[in-house]
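Pasting start_29.cif here (mmCIF, C-alpha atoms and all ligand atoms):
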```
data_work
#
loop_
_atom_site.label_atom_id
_atom_site.label_comp_id
_atom_site.auth_asym_id
_atom_site.auth_seq_id
_atom_site.Cartn_x
_atom_site.Cartn_y
_atom_site.Cartn_z
CA MET U 1010 43.17 -5.09 -42.92
CA CYS U 1011 40.44 -2.42 -42.71
CA TYR U 1012 40.96 0.90 -40.92
CA ILE U 1013 39.27 -0.08 -37.68
CA GLN U 1014 41.29 -3.29 -37.43
CA ALA U 1015 44.50 -1.45 -38.24
CA VAL U 1016 43.77 1.26 -35.67
CA ASN U 1017 42.98 -1.26 -32.94
CA ALA U 1018 46.01 -3.35 -33.83
CA LEU U 1019 48.28 -0.31 -33.59
CA ALA U 1020 46.74 0.59 -30.24
CA ALA U 1021 47.39 -2.95 -29.00
CA LEU U 1022 51.03 -2.58 -30.07
CA ALA U 1023 51.49 0.60 -28.03
CA ASP U 1024 52.52 -1.71 -25.19
CA PRO U 1025 56.28 -2.50 -25.27
CA THR U 1026 55.80 -6.00 -23.81
CA ARG U 1027 53.39 -6.86 -26.61
CA ARG U 1028 55.80 -5.49 -29.22
CA ARG U 1029 58.55 -7.70 -27.82
CA ILE U 1030 56.22 -10.74 -27.85
CA VAL U 1031 55.43 -10.12 -31.54
CA GLU U 1032 59.15 -9.82 -32.30
CA LEU U 1033 59.87 -13.13 -30.60
CA LEU U 1034 56.97 -14.84 -32.39
CA ALA U 1035 58.10 -13.47 -35.73
CA GLU U 1036 61.48 -15.18 -35.22
CA ARG U 1037 59.78 -18.52 -34.55
CA PRO U 1038 56.69 -19.89 -32.79
CA HIS U 1039 56.94 -19.99 -29.00
CA ASP U 1040 54.64 -21.44 -26.36
CA VAL U 1041 53.62 -19.40 -23.33
CA ALA U 1042 56.25 -20.89 -21.04
CA GLU U 1043 59.04 -20.12 -23.54
CA LEU U 1044 57.76 -16.57 -23.95
CA ASN U 1045 57.47 -16.12 -20.22
CA ALA U 1046 61.20 -16.76 -19.80
CA HIS U 1047 61.85 -13.43 -21.60
CA PHE U 1048 59.79 -11.27 -19.24
CA PRO U 1049 59.81 -10.38 -15.55
CA ILE U 1050 56.02 -10.84 -15.36
CA SER U 1051 53.85 -13.82 -14.47
CA GLN U 1052 52.78 -16.43 -17.01
CA PRO U 1053 49.08 -15.46 -16.72
CA ALA U 1054 50.11 -11.87 -17.53
CA VAL U 1055 51.94 -13.09 -20.67
CA SER U 1056 48.84 -15.14 -21.58
CA ARG U 1057 46.68 -12.05 -21.27
CA HIS U 1058 48.95 -10.12 -23.64
CA LEU U 1059 48.86 -13.04 -26.06
CA ARG U 1060 45.06 -13.09 -25.95
CA VAL U 1061 44.93 -9.38 -26.83
CA LEU U 1062 47.37 -9.90 -29.70
CA ARG U 1063 45.28 -12.83 -31.00
CA GLU U 1064 42.05 -10.81 -30.75
CA HIS U 1065 43.62 -8.16 -32.98
CA GLY U 1066 44.84 -10.72 -35.48
CA LEU U 1067 48.50 -9.92 -34.81
CA VAL U 1068 49.30 -13.40 -33.62
CA ARG U 1069 47.66 -16.76 -34.26
CA SER U 1070 47.85 -20.10 -32.53
CA ARG U 1071 49.05 -22.91 -34.69
CA PRO U 1072 46.54 -25.76 -34.69
CA GLU U 1073 49.20 -28.02 -36.16
CA ALA U 1074 51.20 -27.43 -32.99
CA ALA U 1075 48.62 -29.47 -31.08
CA ARG U 1076 50.84 -32.53 -31.07
CA THR U 1077 53.96 -30.74 -30.00
CA GLY U 1078 52.25 -28.49 -27.48
CA ASP U 1079 50.92 -24.97 -27.59
CA GLY U 1080 52.43 -22.45 -29.98
CA ASP U 1081 51.68 -19.00 -31.30
CA GLN U 1082 53.13 -17.28 -34.30
CA ALA U 1083 53.09 -13.70 -35.51
CA THR U 1084 50.86 -12.82 -38.48
CA LEU U 1085 52.44 -9.50 -39.35
CA SER U 1086 55.87 -8.94 -40.84
CA VAL U 1087 58.54 -7.88 -38.41
CA LEU U 1088 61.76 -6.75 -40.06
CA ALA U 1089 65.00 -7.21 -38.17
CA VAL U 1090 67.40 -4.49 -39.30
CA ALA U 1091 70.87 -3.54 -38.10
CA HIS U 1092 70.84 -0.82 -35.45
CA ALA U 1093 71.66 2.26 -37.50
CA GLY U 1094 69.33 5.05 -36.40
CA LYS U 1095 65.65 5.82 -36.78
CA GLY U 1096 66.04 6.98 -40.39
CA SER U 1097 67.58 3.68 -41.39
CA ALA U 1098 64.89 1.62 -39.61
CA VAL U 1099 62.01 3.62 -41.13
CA ARG U 1100 63.57 3.41 -44.61
CA SER U 1101 63.73 -0.40 -44.42
CA GLY U 1102 60.07 -0.61 -43.39
CA MET U 1103 58.83 1.86 -45.98
CA LEU U 1104 60.66 0.15 -48.84
CA ALA U 1105 59.43 -3.29 -47.76
CA ALA U 1106 55.77 -2.24 -47.44
CA THR U 1107 53.50 -3.52 -50.22
CA GLY U 1108 50.20 -1.67 -49.59
CA ASP U 1109 48.74 1.06 -51.82
CA LEU U 1110 49.22 3.49 -48.93
CA VAL U 1111 52.19 3.36 -46.60
CA VAL U 1112 52.31 5.03 -43.19
CA PHE U 1113 54.85 5.18 -40.40
CA ALA U 1114 54.18 5.98 -36.75
CA ASP U 1115 56.36 6.32 -33.65
CA ALA U 1116 56.33 3.15 -31.58
CA ASP U 1117 55.52 5.07 -28.40
CA MET U 1118 52.15 5.96 -30.00
CA ALA U 1119 52.59 9.65 -29.19
CA THR U 1120 50.07 10.06 -32.01
CA PRO U 1121 46.99 8.06 -30.97
CA PRO U 1122 46.31 5.36 -33.60
CA GLU U 1123 42.74 6.69 -34.03
CA GLU U 1124 44.33 9.51 -36.00
CA LEU U 1125 45.23 7.11 -38.84
CA PRO U 1126 42.09 7.80 -40.95
CA LYS U 1127 43.07 11.48 -41.11
CA LEU U 1128 46.27 10.53 -42.94
CA THR U 1129 44.63 7.98 -45.20
CA ASN U 1130 41.79 10.41 -46.09
CA ALA U 1131 44.38 13.03 -47.03
CA LEU U 1132 46.10 10.43 -49.22
CA GLU U 1133 42.98 10.11 -51.37
CA THR U 1134 43.97 13.40 -52.99
CA ALA U 1135 47.60 14.00 -51.98
CA GLU U 1136 50.62 11.77 -52.59
CA VAL U 1137 52.34 12.68 -49.33
CA ALA U 1138 50.57 13.43 -46.01
CA LEU U 1139 52.57 15.01 -43.20
CA GLY U 1140 51.14 14.72 -39.69
CA SER U 1141 51.49 18.06 -37.95
CA ARG U 1142 51.30 18.85 -34.27
CA ILE U 1143 50.26 22.40 -35.05
CA GLN U 1144 46.47 22.82 -35.08
CA PRO U 1145 44.43 25.00 -37.44
CA ASP U 1146 43.87 27.50 -34.60
CA GLY U 1147 47.65 27.85 -34.23
CA SER U 1148 47.88 25.92 -30.97
CA ASP U 1149 50.77 23.51 -30.77
CA MET U 1150 50.48 19.98 -29.37
CA ARG U 1151 54.22 20.05 -28.66
CA ALA U 1152 53.44 22.30 -25.68
CA THR U 1153 53.42 19.06 -23.62
CA GLN U 1154 57.14 18.58 -24.29
CA PRO U 1155 59.70 19.65 -21.68
CA ARG U 1156 60.88 23.25 -22.07
CA TYR U 1157 64.43 22.34 -23.28
CA ARG U 1158 62.96 20.12 -26.01
CA ARG U 1159 60.80 22.98 -27.27
CA PHE U 1160 63.86 25.24 -27.36
CA LEU U 1161 65.92 22.69 -29.30
CA GLY U 1162 62.94 22.17 -31.60
CA ALA U 1163 62.73 25.89 -32.36
CA VAL U 1164 66.45 26.12 -33.22
CA PHE U 1165 66.16 23.03 -35.41
CA HIS U 1166 63.08 24.36 -37.18
CA THR U 1167 64.72 27.70 -37.97
CA LEU U 1168 67.74 26.01 -39.56
CA ALA U 1169 65.66 23.42 -41.40
CA SER U 1170 63.18 25.90 -42.84
CA ILE U 1171 65.80 28.33 -44.08
CA TRP U 1172 68.07 25.77 -45.64
CA VAL U 1173 66.12 22.66 -46.50
CA VAL U 1174 62.33 22.46 -46.43
CA GLY U 1175 60.88 25.95 -46.71
CA ASP U 1176 57.53 26.59 -45.11
CA VAL U 1177 56.69 23.29 -43.37
CA LYS U 1178 56.03 24.13 -39.75
CA ASP U 1179 56.37 20.70 -38.16
CA THR U 1180 58.86 18.47 -39.94
CA GLN U 1181 59.52 16.06 -37.08
CA CYS U 1182 56.10 14.60 -36.36
CA GLY U 1183 56.57 10.79 -36.40
CA PHE U 1184 53.31 10.20 -38.29
CA LYS U 1185 53.50 10.45 -42.06
CA GLY U 1186 51.85 8.70 -45.00
CA PHE U 1187 52.67 8.18 -48.68
CA SER U 1188 51.24 6.65 -51.80
CA HIS U 1189 53.09 3.44 -52.63
CA GLU U 1190 54.84 5.12 -55.56
CA ALA U 1191 55.92 8.14 -53.52
CA ALA U 1192 57.20 5.93 -50.70
CA GLN U 1193 59.33 3.85 -53.10
CA ASP U 1194 60.65 6.89 -54.92
CA LEU U 1195 61.46 9.00 -51.86
CA PHE U 1196 62.78 6.38 -49.45
CA SER U 1197 65.01 4.80 -52.08
CA GLN U 1198 66.75 8.17 -52.44
CA GLN U 1199 67.01 8.82 -48.68
CA LYS U 1200 70.64 8.96 -47.48
CA VAL U 1201 70.34 10.41 -43.96
CA THR U 1202 69.86 7.75 -41.28
CA SER U 1203 69.62 10.01 -38.23
CA ILE U 1204 66.50 11.72 -36.83
CA VAL U 1205 66.96 14.36 -39.57
CA PHE U 1206 65.64 11.92 -42.19
CA ASP U 1207 62.14 13.49 -42.00
CA VAL U 1208 63.55 16.77 -43.29
CA GLU U 1209 65.31 14.97 -46.12
CA ILE U 1210 62.10 13.15 -47.15
CA ILE U 1211 60.14 16.44 -47.21
CA HIS U 1212 62.95 18.11 -49.17
CA LEU U 1213 62.89 15.27 -51.72
CA ALA U 1214 59.08 15.29 -51.92
CA ARG U 1215 59.09 18.99 -52.79
CA ARG U 1216 61.92 18.65 -55.29
CA ARG U 1217 60.19 15.73 -57.00
CA GLY U 1218 56.95 17.70 -57.21
CA TYR U 1219 54.68 15.44 -55.16
CA SER U 1220 51.44 16.92 -53.86
CA ILE U 1221 51.83 17.34 -50.10
CA ALA U 1222 49.01 17.62 -47.53
CA VAL U 1223 49.71 18.88 -44.02
CA VAL U 1224 47.37 17.06 -41.64
CA PRO U 1225 46.87 18.41 -38.11
CA ILE U 1226 46.78 15.49 -35.68
CA ARG U 1227 46.43 15.02 -31.94
CA TRP U 1228 49.69 14.25 -30.27
CA GLU U 1229 50.91 13.89 -26.73
CA ASP U 1230 54.45 13.84 -25.42
CA VAL U 1231 55.28 10.34 -24.20
CA ARG U 1232 58.07 10.41 -21.64
CA GLY U 1233 60.90 7.97 -22.02
CA SER U 1234 62.31 9.66 -25.11
CA ARG U 1235 65.53 8.02 -26.25
CA MET U 1236 66.89 11.25 -27.66
CA ARG U 1237 69.99 12.32 -25.73
CA PRO U 1238 70.54 16.01 -26.45
CA GLY U 1239 74.21 16.95 -26.28
CA ALA U 1240 77.09 18.31 -28.31
CA ALA U 1241 77.51 15.12 -30.34
CA LEU U 1242 73.86 15.01 -31.39
CA ALA U 1243 73.81 18.76 -32.13
CA LEU U 1244 76.82 18.39 -34.44
CA LYS U 1245 75.32 15.37 -36.18
CA VAL U 1246 71.99 17.16 -36.70
CA ALA U 1247 73.69 20.33 -38.00
CA TRP U 1248 75.86 18.31 -40.39
CA ASP U 1249 72.90 16.31 -41.72
CA LEU U 1250 70.83 19.46 -42.25
CA PHE U 1251 73.72 21.13 -44.04
CA ARG U 1252 74.36 18.29 -46.45
CA ILE U 1253 70.77 17.42 -47.47
CA PRO U 1254 70.46 19.96 -50.33
CA LEU U 1255 74.00 19.10 -51.46
CA LEU U 1256 73.30 15.36 -51.47
CA HIS U 1257 70.31 15.92 -53.74
CA ARG U 1258 71.64 18.61 -56.06
CA SER U 1259 70.83 16.58 -59.14
CA VAL U 1260 67.29 15.51 -58.16
CA ARG U 1261 64.76 16.59 -60.80
CA LYS U 1262 60.99 16.96 -60.84
CA ARG U 1263 59.01 13.97 -62.05
CA ARG U 1264 57.43 14.39 -65.43
N1 LIG M 1301 64.17 1.45 -35.05
C1 LIG M 1301 64.53 2.59 -34.47
N2 LIG M 1301 63.56 3.42 -34.07
C2 LIG M 1301 63.91 4.54 -33.45
C3 LIG M 1301 65.27 4.89 -33.22
N3 LIG M 1301 65.28 6.08 -32.58
C4 LIG M 1301 64.00 6.44 -32.44
N4 LIG M 1301 63.17 5.51 -32.95
C5 LIG M 1301 61.71 5.57 -33.05
O1 LIG M 1301 61.37 6.91 -33.06
C6 LIG M 1301 60.34 7.16 -32.15
C7 LIG M 1301 60.57 8.54 -31.53
O2 LIG M 1301 61.65 8.44 -30.67
P1 LIG M 1301 61.57 9.01 -29.20
O3 LIG M 1301 62.73 8.46 -28.46
O4 LIG M 1301 60.18 8.79 -28.65
O5 LIG M 1301 61.84 10.56 -29.52
P2 LIG M 1301 60.95 11.85 -29.24
O6 LIG M 1301 59.52 11.44 -29.20
O7 LIG M 1301 61.27 12.76 -30.41
O8 LIG M 1301 61.48 12.38 -27.98
C8 LIG M 1301 60.34 6.03 -31.17
O9 LIG M 1301 59.04 5.73 -30.75
C9 LIG M 1301 60.93 4.89 -31.96
O10 LIG M 1301 59.84 4.23 -32.58
C10 LIG M 1301 66.29 3.99 -33.68
O11 LIG M 1301 67.49 4.22 -33.55
N5 LIG M 1301 65.86 2.85 -34.30
MG MG M 1302 58.42 9.96 -28.46
#
```

Let me see whether you can do it: turn the structure in this file into C-alpha cells.
Ligand SMILES: Nc1nc2c(ncn2[C@@H]2O[C@H](COP(=O)(O)OP(=O)(O)O)[C@@H](O)[C@H]2O)c(=O)[nH]1
Ligand SMILES: [Mg+2]
Amino acid sequence: MCYIQAVNALAALADPTRRRIVELLAERPHDVAELNAHFPISQPAVSRHLRVLREHGLVRSRPEAARTGDGDQATLSVLAVAHAGKGSAVRSGMLAATGDLVVFADADMATPPEELPKLTNALETAEVALGSRIQPDGSDMRATQPRYRRFLGAVFHTLASIWVVGDVKDTQCGFKGFSHEAAQDLFSQQKVTSIVFDVEIIHLARRRGYSIAVVPIRWEDVRGSRMRPGAALALKVAWDLFRIPLLHRSVRKRR
C-alpha cells in the first residue's frame, strides 16, 4: 500500500462504525443485511460505509459469493486479542506486523492520518520515530485537552523524565514508528501492558542504542477518552513507572 492509500485508509477507519464493520468482516464474510443487524442505523447507511471501505481497499466483495448472495470480506488483518490494556494490544499488533516500517496510531485519530509521511520520512534515517505534540516553536498541541488532563500529564511527565526516559518531552503521543528490526526487538521485551508502555518502549530504545527522531505532529484532543483518572489508575501508573528500570536492569546496548 502506498502512502496516499494508507493515509486515506486510516482516515476512513477513523469512524467507529466502519472499524466495527471491518472487525465483523475479518471474522467471516457478511452480507449487508447481516451486517445491518449489528448497528442501530439503516441498511442504506451501512451500504454507504461499505462502499467507502471498498473504495479504500479495506474490504472487497467476493465474486464467488454470487451464487449464495452478496458478501464482503475484509482485506486487512484484524487481530483479536484478549482485553488486557492498550500496551498489550499495541504489542500484539507491532509484533505481528511484517512491513519494513511499522507504525501505531490511536484509533480515535487524534493525530490526523495525513501526518503519517512525517513519521515515515523520519524513519529513513532514524530507527525509532516518536510523534510529539510539542511544536518547534514550543507551542503544545495538548492545550486542547481538559485542564485536569494537562495537570495529570505534567505530574506524569516529571516522574517519567526523572526516573525512566530522560529528556523526551512528550512520551504519550499515540503516534510512533519503528524500523521492522527495532519494533521486533523492543516490543518483544515490553512487559508493561498499561498506558505506561510508551515510556517503557522509549526507555528500551535508549538503552539498546537505537537512533531516535522526535517528530512534531499535529494533534487534536478527541473527546470520549476512555481513561478514567482515579486513585486506582494513579497507583497503577506510579507502580509501572517505578518498575520499568528495574525490569530492564540487564538490557545491554546492541553491538
Ligand atoms: N486495544 C486497546 N486499545 C486501547 C485501550 N485503551 C486505549 N486504547 C487505544 O488508545 C487510544 C487512546 O486512548 P484514549 O481513550 O483516546 O485516551 P486519551 O486520548 O489519552 O485520552 C484509543 O484511541 C485506543 O485506540 C485498550 O485497553 N485496548
Ligand atoms: Mg484519545

Per-axis box centre and lengths in Å around region 1153-1169 of chain U, 5 Å margin per side, axis-aligned, as lines of an AutoDock Vina configuration file:
```
center_x = 60.6
center_y = 23.1
center_z = -31.5
size_x = 24.3
size_y = 19.1
size_z = 29.7
```

- Task: Please write out the residues within 10 Å of ligand LIG 1301 (chain M) as an MDAnalysis selection string, counting only C-alpha atoms and all ligand atoms.
- Result: chainID U and resid 1023 1088:1102 1113:1120 1154:1155 1158 1162 1181:1184 1202:1204 1229:1238

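Between ligand MG 1302 (chain M) and the residues U:Pro1121, U:Gly1218, U:Leu1242, U:Phe1187, the shortest atom-to-atom distance, using only C-alpha atoms and all ligand atoms, involves U:Pro1121.
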
Pick out the residues sitting within 7 Å of region 1031-1037 of chain U, and hand them over as a PDB file with C-alpha atoms, keeping the file's coordinate frame; count all atoms listed in the file, and ignore anything fewer than 2 positions along from it in its own chain.
```
ATOM      1  CA  ARG U1027      53.390  -6.860 -26.610  1.00  0.00           C
ATOM      2  CA  ARG U1028      55.800  -5.490 -29.220  1.00  0.00           C
ATOM      3  CA  ARG U1029      58.550  -7.700 -27.820  1.00  0.00           C
ATOM      4  CA  HIS U1039      56.940 -19.990 -29.000  1.00  0.00           C
ATOM      5  CA  ASP U1081      51.680 -19.000 -31.300  1.00  0.00           C
ATOM      6  CA  GLN U1082      53.130 -17.280 -34.300  1.00  0.00           C
ATOM      7  CA  ALA U1083      53.090 -13.700 -35.510  1.00  0.00           C
ATOM      8  CA  VAL U1087      58.540  -7.880 -38.410  1.00  0.00           C
TER       9      VAL U1087
END
```

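These residues, each with an atom at most 12 Å from (42.3, -5.8, -32.7) using only C-alpha atoms, are U:Met1010, U:Cys1011, U:Tyr1012, U:Ile1013, U:Gln1014, U:Ala1015, U:Val1016, U:Asn1017, U:Ala1018, U:Leu1019, U:Ala1020, U:Ala1021, U:Leu1022, U:Leu1059, U:Arg1060, U:Val1061, U:Leu1062, U:Arg1063, U:Glu1064, U:His1065, U:Gly1066, U:Leu1067, U:Val1068, U:Pro1122.
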
- Task: Using all atoms listed in the file, determine which residues lie at most 12 Å from Glu1133 (chain U), disregarding the query and same-chain residues fewer than 6 positions distant; provide the list as a list in words.
- Result: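 Near neighbours after the sequence-gap exclusion: Asp1109, Leu1110, Pro1126, Lys1127, Gly1186, Phe1187, Ser1188, Ser1220, Ile1221 and Ala1222 of chain U.
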
- Task: One decimal, Å: what's the distance from CA of Arg1156 (chain U) over to CA of Asp1024 (chain U), could you say?
- Result: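 These two atoms are separated by 26.5 Å.
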
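In this comparison, which uses all atoms listed in the file, the residue of U:Arg1069, U:Arg1151, U:His1166, U:Arg1252 approaching Thr1084 (chain U) most closely is U:Arg1069.
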
- Distance criterion (all atoms listed in the file): nearest to Arg1216 (chain U) out of U:Arg1263, U:Arg1071, U:Val1177, U:Ala1247: U:Arg1263

- Item | CA of Lys1200 (chain U) to CA of Arg1142 (chain U), distance in Å rounded to a single decimal |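 One can read the CA of Lys1200 (chain U) to CA of Arg1142 (chain U) distance as 25.4 Å.
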
- Please indicate the distance in Å from CA of Val1041 (chain U) to CA of Ser1056 (chain U), rounded to one decimal place.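 CA of Ser1056 (chain U) lies 6.6 Å from CA of Val1041 (chain U).
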
Give me, as a JSON list (two decimals) with C-alpha atoms, in the frame of the given file, all polymer residues having an atom no more than 10 Å from Phe1048 (chain U), counting only C-alpha atoms and skipping those fewer than 5 positions away in the same chain.
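Result file is selection.json:
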```json
[["chain", "number", "residue", "atom", "x", "y", "z"],
["U", 1026, "THR", "CA", 55.80, -6.00, -23.81],
["U", 1029, "ARG", "CA", 58.55, -7.70, -27.82],
["U", 1030, "ILE", "CA", 56.22, -10.74, -27.85],
["U", 1043, "GLU", "CA", 59.04, -20.12, -23.54],
["U", 1054, "ALA", "CA", 50.11, -11.87, -17.53],
["U", 1055, "VAL", "CA", 51.94, -13.09, -20.67]]
```

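Using only C-alpha atoms, the smallest distance between any of U:Ala1240, U:Val1164, U:Ile1253, U:Ala1191 and Asp1207 (chain U) comes from U:Ile1253.
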
- Which neighbours of Val1246 (chain U) fall inside 10 Å, counting only C-alpha atoms, when residues of the same chain fewer than 2 positions from it are skipped, and could you give them as an MDAnalysis selection string? chainID U and resid 1165 1203:1206 1240:1244 1248:1251

- Note on the structure: Using all atoms listed in the file, the shortest atom-to-atom distance to ligand MG 1302 (chain M) among U:Val1112, U:Ala1169, U:Trp1228, U:Ser1259 belongs to U:Trp1228

- Message: Considering only C-alpha atoms and all ligand atoms, can you say which of U:Thr1153, U:Thr1129, U:Ser1148, U:Gln1199 comes closest to ligand MG 1302 (chain M)?
- Response: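 Of U:Thr1153, U:Thr1129, U:Ser1148, U:Gln1199, the one nearest ligand MG 1302 (chain M) is U:Thr1153, counting only C-alpha atoms and all ligand atoms.
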
Filled-in N, CA and C atoms of region 1198-1210 of chain U, supplied as a compact mmCIF listing (two decimals), keeping the file's coordinate frame:
```
# COMPACT_ATOMS: atom_id res chain seq x y z
N GLN U 1198 65.73 7.13 -52.25
CA GLN U 1198 66.75 8.17 -52.44
C GLN U 1198 67.27 8.72 -51.11
N GLN U 1199 66.63 8.29 -50.01
CA GLN U 1199 67.01 8.82 -48.68
C GLN U 1199 68.42 8.35 -48.30
N LYS U 1200 69.27 9.31 -47.86
CA LYS U 1200 70.64 8.96 -47.48
C LYS U 1200 70.89 9.17 -45.98
N VAL U 1201 70.11 10.07 -45.37
CA VAL U 1201 70.34 10.41 -43.96
C VAL U 1201 69.65 9.37 -43.07
N THR U 1202 70.42 8.81 -42.13
CA THR U 1202 69.86 7.75 -41.28
C THR U 1202 69.55 8.23 -39.87
N SER U 1203 69.87 9.49 -39.57
CA SER U 1203 69.62 10.01 -38.23
C SER U 1203 68.18 10.50 -38.12
N ILE U 1204 67.86 11.19 -37.01
CA ILE U 1204 66.50 11.72 -36.83
C ILE U 1204 66.19 12.84 -37.81
N VAL U 1205 67.19 13.28 -38.60
CA VAL U 1205 66.96 14.36 -39.57
C VAL U 1205 66.34 13.81 -40.87
N PHE U 1206 66.12 12.50 -40.93
CA PHE U 1206 65.64 11.92 -42.19
C PHE U 1206 64.29 12.51 -42.62
N ASP U 1207 63.45 12.90 -41.65
CA ASP U 1207 62.14 13.49 -42.00
C ASP U 1207 62.31 14.71 -42.90
N VAL U 1208 63.30 15.54 -42.53
CA VAL U 1208 63.55 16.77 -43.29
C VAL U 1208 64.00 16.41 -44.71
N GLU U 1209 64.83 15.39 -44.81
CA GLU U 1209 65.31 14.97 -46.12
C GLU U 1209 64.15 14.46 -46.99
N ILE U 1210 63.24 13.68 -46.39
CA ILE U 1210 62.10 13.15 -47.15
C ILE U 1210 61.22 14.29 -47.65
```
